[in-house]
Every structure is written in structure tokens, then in C-alpha cells.
$ cat query_15.cif   # mmCIF, C-alpha atoms
data_my_file
loop_
_atom_site.label_atom_id
_atom_site.label_comp_id
_atom_site.auth_asym_id
_atom_site.auth_seq_id
_atom_site.Cartn_x
_atom_site.Cartn_y
_atom_site.Cartn_z
CA MET A 29 110.42 98.93 86.92
CA MET A 30 113.69 98.29 88.77
CA GLN A 31 115.63 95.07 88.59
CA PRO A 32 115.90 93.50 92.06
CA SER A 33 119.28 93.92 93.69
CA LYS A 34 121.33 90.80 94.41
CA LEU A 35 121.84 92.28 97.87
CA GLY A 36 118.10 92.29 98.58
CA LYS A 37 115.26 94.77 98.85
CA LEU A 38 116.59 96.42 101.99
CA ALA A 39 119.94 97.29 100.41
CA GLN A 40 118.27 98.30 97.16
CA LYS A 41 115.89 100.69 98.88
CA TYR A 42 118.58 102.20 101.08
CA ARG A 43 121.11 102.57 98.25
CA SER A 44 118.49 104.05 95.93
CA LEU A 45 117.68 106.80 98.41
CA VAL A 46 121.31 107.50 99.27
CA ARG A 47 122.23 107.75 95.57
CA LEU A 48 119.19 109.89 94.95
CA SER A 49 120.14 112.25 97.76
CA SER A 50 123.51 112.97 96.13
CA SER A 51 122.13 113.34 92.60
CA PRO A 52 122.18 116.74 90.88
CA LEU A 53 118.38 116.74 90.49
CA ASP A 54 116.31 119.56 91.92
CA PRO A 55 114.51 118.90 95.26
CA ALA A 56 111.08 118.44 93.66
CA ARG A 57 112.34 115.66 91.36
CA LYS A 58 114.29 114.05 94.20
CA SER A 59 111.19 114.03 96.36
CA LEU A 60 109.08 112.52 93.60
CA LEU A 61 111.63 109.78 92.96
CA ALA A 62 111.95 109.14 96.71
CA TYR A 63 108.18 108.73 96.83
CA LEU A 64 108.36 106.18 94.01
CA VAL A 65 111.13 104.23 95.76
CA GLU A 66 109.27 104.28 99.07
CA SER A 67 106.00 103.26 97.43
CA ASN A 68 107.35 100.44 95.29
CA ILE A 69 109.96 98.61 97.33
CA PHE A 70 108.03 96.80 100.05
CA LEU A 71 109.89 95.57 103.11
CA SER A 72 108.91 93.10 105.79
CA VAL A 73 108.52 94.40 109.34
CA GLN A 74 112.00 93.15 110.20
CA GLU A 75 113.53 94.67 107.06
CA ASP A 76 111.75 97.96 107.69
CA THR A 77 113.12 98.11 111.24
CA GLU A 78 116.64 97.59 109.88
CA TYR A 79 116.00 100.14 107.13
CA GLN A 80 114.93 102.78 109.67
CA ARG A 81 118.05 101.99 111.73
CA LEU A 82 120.26 102.48 108.66
CA ILE A 83 118.61 105.81 107.89
CA ASP A 84 119.14 106.94 111.49
CA ILE A 85 122.79 105.81 111.50
CA ALA A 86 123.52 107.51 108.19
CA ASN A 87 121.88 110.63 109.59
CA SER A 88 121.84 111.95 106.06
CA GLY A 89 119.91 115.19 106.26
CA GLU A 90 119.01 115.02 102.58
CA VAL A 91 117.67 111.45 102.81
CA ARG A 92 115.69 112.37 105.93
CA THR A 93 114.27 115.45 104.18
CA MET A 94 113.22 113.38 101.16
CA LEU A 95 111.54 110.85 103.45
CA ASP A 96 109.76 113.62 105.37
CA ILE A 97 108.45 115.03 102.09
CA ASP A 98 107.42 111.52 101.05
CA GLU A 99 105.44 111.21 104.29
CA LEU A 100 103.82 114.58 103.63
CA PHE A 101 102.79 113.41 100.11
CA ARG A 102 101.30 110.26 101.60
CA ASP A 103 99.29 112.26 104.14
CA ILE A 104 98.01 114.66 101.48
CA TYR A 105 96.92 111.87 99.16
CA LYS A 106 95.48 109.80 101.99
CA ASN A 107 93.35 112.76 103.10
CA ARG A 108 92.33 113.49 99.51
CA TYR A 109 91.28 109.89 98.87
CA GLU A 110 89.47 109.67 102.21
CA ALA A 111 87.54 112.85 101.43
CA HIS A 112 86.71 111.51 97.98
CA GLY A 113 85.51 108.23 99.50
CA ILE A 114 83.33 110.05 102.02
CA ALA A 115 81.83 112.25 99.30
CA LYS A 116 81.18 109.18 97.14
CA GLY A 117 79.50 107.43 100.08
CA ILE A 118 77.29 110.43 100.77
CA GLU A 119 76.36 110.61 97.08
CA GLN A 120 75.43 106.93 97.02
CA GLY A 121 73.43 107.30 100.23
CA LEU A 122 71.46 110.24 98.83
CA LEU A 123 70.79 108.34 95.61
CA GLN A 124 69.55 105.32 97.56
CA GLY A 125 67.32 107.62 99.61
CA GLU A 126 65.85 109.10 96.44
CA ARG A 127 65.17 105.61 95.08
CA ASN A 128 63.44 104.63 98.31
CA VAL A 129 61.23 107.75 98.22
CA LEU A 130 60.34 107.07 94.58
CA LEU A 131 59.45 103.44 95.33
CA LYS A 132 57.33 104.50 98.30
CA GLN A 133 55.44 107.11 96.28
CA ILE A 134 54.78 104.69 93.41
CA ARG A 135 53.57 101.99 95.83
CA GLU A 136 51.26 104.45 97.58
CA LYS A 137 49.76 105.58 94.28
CA PHE A 138 49.64 102.28 92.34
CA GLY A 139 50.05 99.54 94.93
CA GLU A 140 52.71 96.85 94.97
CA LEU A 141 55.07 96.81 91.98
CA PRO A 142 56.20 93.79 89.99
CA GLU A 143 59.70 92.66 91.03
CA THR A 144 61.17 93.57 87.64
CA MET A 145 59.91 97.16 87.92
CA ALA A 146 61.23 97.56 91.47
CA ALA A 147 64.59 96.12 90.38
CA LYS A 148 64.82 98.64 87.53
CA ILE A 149 64.15 101.51 89.92
CA GLU A 150 66.82 100.15 92.30
CA THR A 151 69.40 100.38 89.50
CA LEU A 152 68.66 103.99 88.52
CA HIS A 153 71.82 106.13 88.62
CA THR A 154 70.34 109.62 88.62
#

$ encode --input "query_15.cif" --output "C-alpha cells"
Amino acid sequence: MMQPSKLGKLAQKYRSLVRLSSSPLDPARKSLLAYLVESNIFLSVQEDTEYQRLIDIANSGEVRTMLDIDELFRDIYKNRYEAHGIAKGIEQGLLQGERNVLLKQIREKFGELPETMAAKIETLHT
């Protein structure tokens, strides 16, 4: 990835976005690169506060727009991953319910199962 700046992460992140804002790239590529910068240069709470202050002072409309788009990307992906996680949880819950019903039916028909058999049923995937 990037080589760390001798000036520190704060300066590197800020300079990267300022340089990116004045690049001849189209807005979609700028936004994607801004997302990568934002996602990969981690700042402490104190550094982030200073970073936000620098962005506000610069009042660069293009930098602000890129950061707003970056935030939009984060929200979209967060919602997508949350929905995926919920769906996966529901799927696992239904599967566990089906296993429980199967175990109950087998126990009612044949009595108590050996531990190894019950363990195999507990690991069924479909």
C-alpha cells in the first residue's frame, strides 16, 4: 500500500485527499480513491479531531464532496452487510429448528439416541 509519510498519518491523509481533489480523474474514480484513503489510514481520536478541523478550515468543496460520497458508500455497505448478517442468522435459526424437530421425531419414534447419532444430526447443513 502507501509508504507512511514522514509528517505522520494525519498529514498523509489530509494531503492525499487534497491532491486527489485536484487530480484530473473523473468523480467516480476520485470517490473510490477517497474511500480507500479514508478506509486505510486510521487516525487516533485526537488526530481525527484535528483532521476534521483541517477539512473544515480548507473548506474545499471537492474534498467535502468526496468525503460525503465516502460516507454514503460506508452507509450502503454497512446496511448491505447488516442485512446479509440478519439473513444468515435467520437461515441458521431455521436450520437449527429443523434439526430440533428431526431429533424430537426420531426420539418419539425410536427412543433416546446414542450421543454419536445426535451429534451427527446436530451437524447437518441442509

$ resolve_selection --input "query_15.cif" --expression "the PyMOL selection byres ((chain A and resi 151) around 12)" --output "list in words"
Gln120, Leu123, Gln124, Glu126, Arg127, Asn128, Leu131, Thr144, Met145, Ala146, Ala147, Lys148, Ile149, Glu150, Leu152, His153 and Thr154 of chain A

$ atom_distance --input "query_15.cif" --atom1 "atom CA of A:Tyr79" --atom2 "atom CA of A:Ser51"
20.6 Å

$ atom_distance --input "query_15.cif" --atom1 "atom CA of A:Leu60" --atom2 "atom CA of A:Lys41"
14.6 Å

$ atom_distance --input "query_15.cif" --atom1 "atom CA of A:Gln40" --atom2 "atom CA of A:Ser72"
13.8 Å

$ closest_residue --input "query_15.cif" --among "A:Leu48, A:Gly121, A:Lys58, A:Leu38" --to "A:Val73" --atoms "all atoms listed in the file"
A:Leu38

$ closest_residue --input "query_15.cif" --among "A:Leu130, A:Tyr109, A:Leu45, A:Ile114" --to "A:Ile69" --atoms "all atoms listed in the file"
A:Leu45

$ closest_residue --input "query_15.cif" --among "A:Gly139, A:Thr77, A:Ala62, A:His112" --to "A:Arg43" --atoms "all atoms listed in the file"
A:Ala62

$ residues_around --input "query_15.cif" --residues "A:Arg81" --least-positions-apart "6" --cutoff "12 Å" --atoms "only C-alpha atoms" --output "PDB file with C-alpha atoms, in the frame of the given file"
ATOM      1  CA  LEU A  38     116.590  96.420 101.990  1.00  0.00           C
ATOM      2  CA  TYR A  42     118.580 102.200 101.080  1.00  0.00           C
ATOM      3  CA  GLN A  74     112.000  93.150 110.200  1.00  0.00           C
ATOM      4  CA  GLU A  75     113.530  94.670 107.060  1.00  0.00           C
ATOM      5  CA  ASN A  87     121.880 110.630 109.590  1.00  0.00           C
TER       6      ASN A  87
END

$ closest_residue --input "query_15.cif" --among "A:Leu53, A:Ala39, A:Ala111, A:Ile83" --to "A:Leu71" --atoms "only C-alpha atoms"
A:Ala39
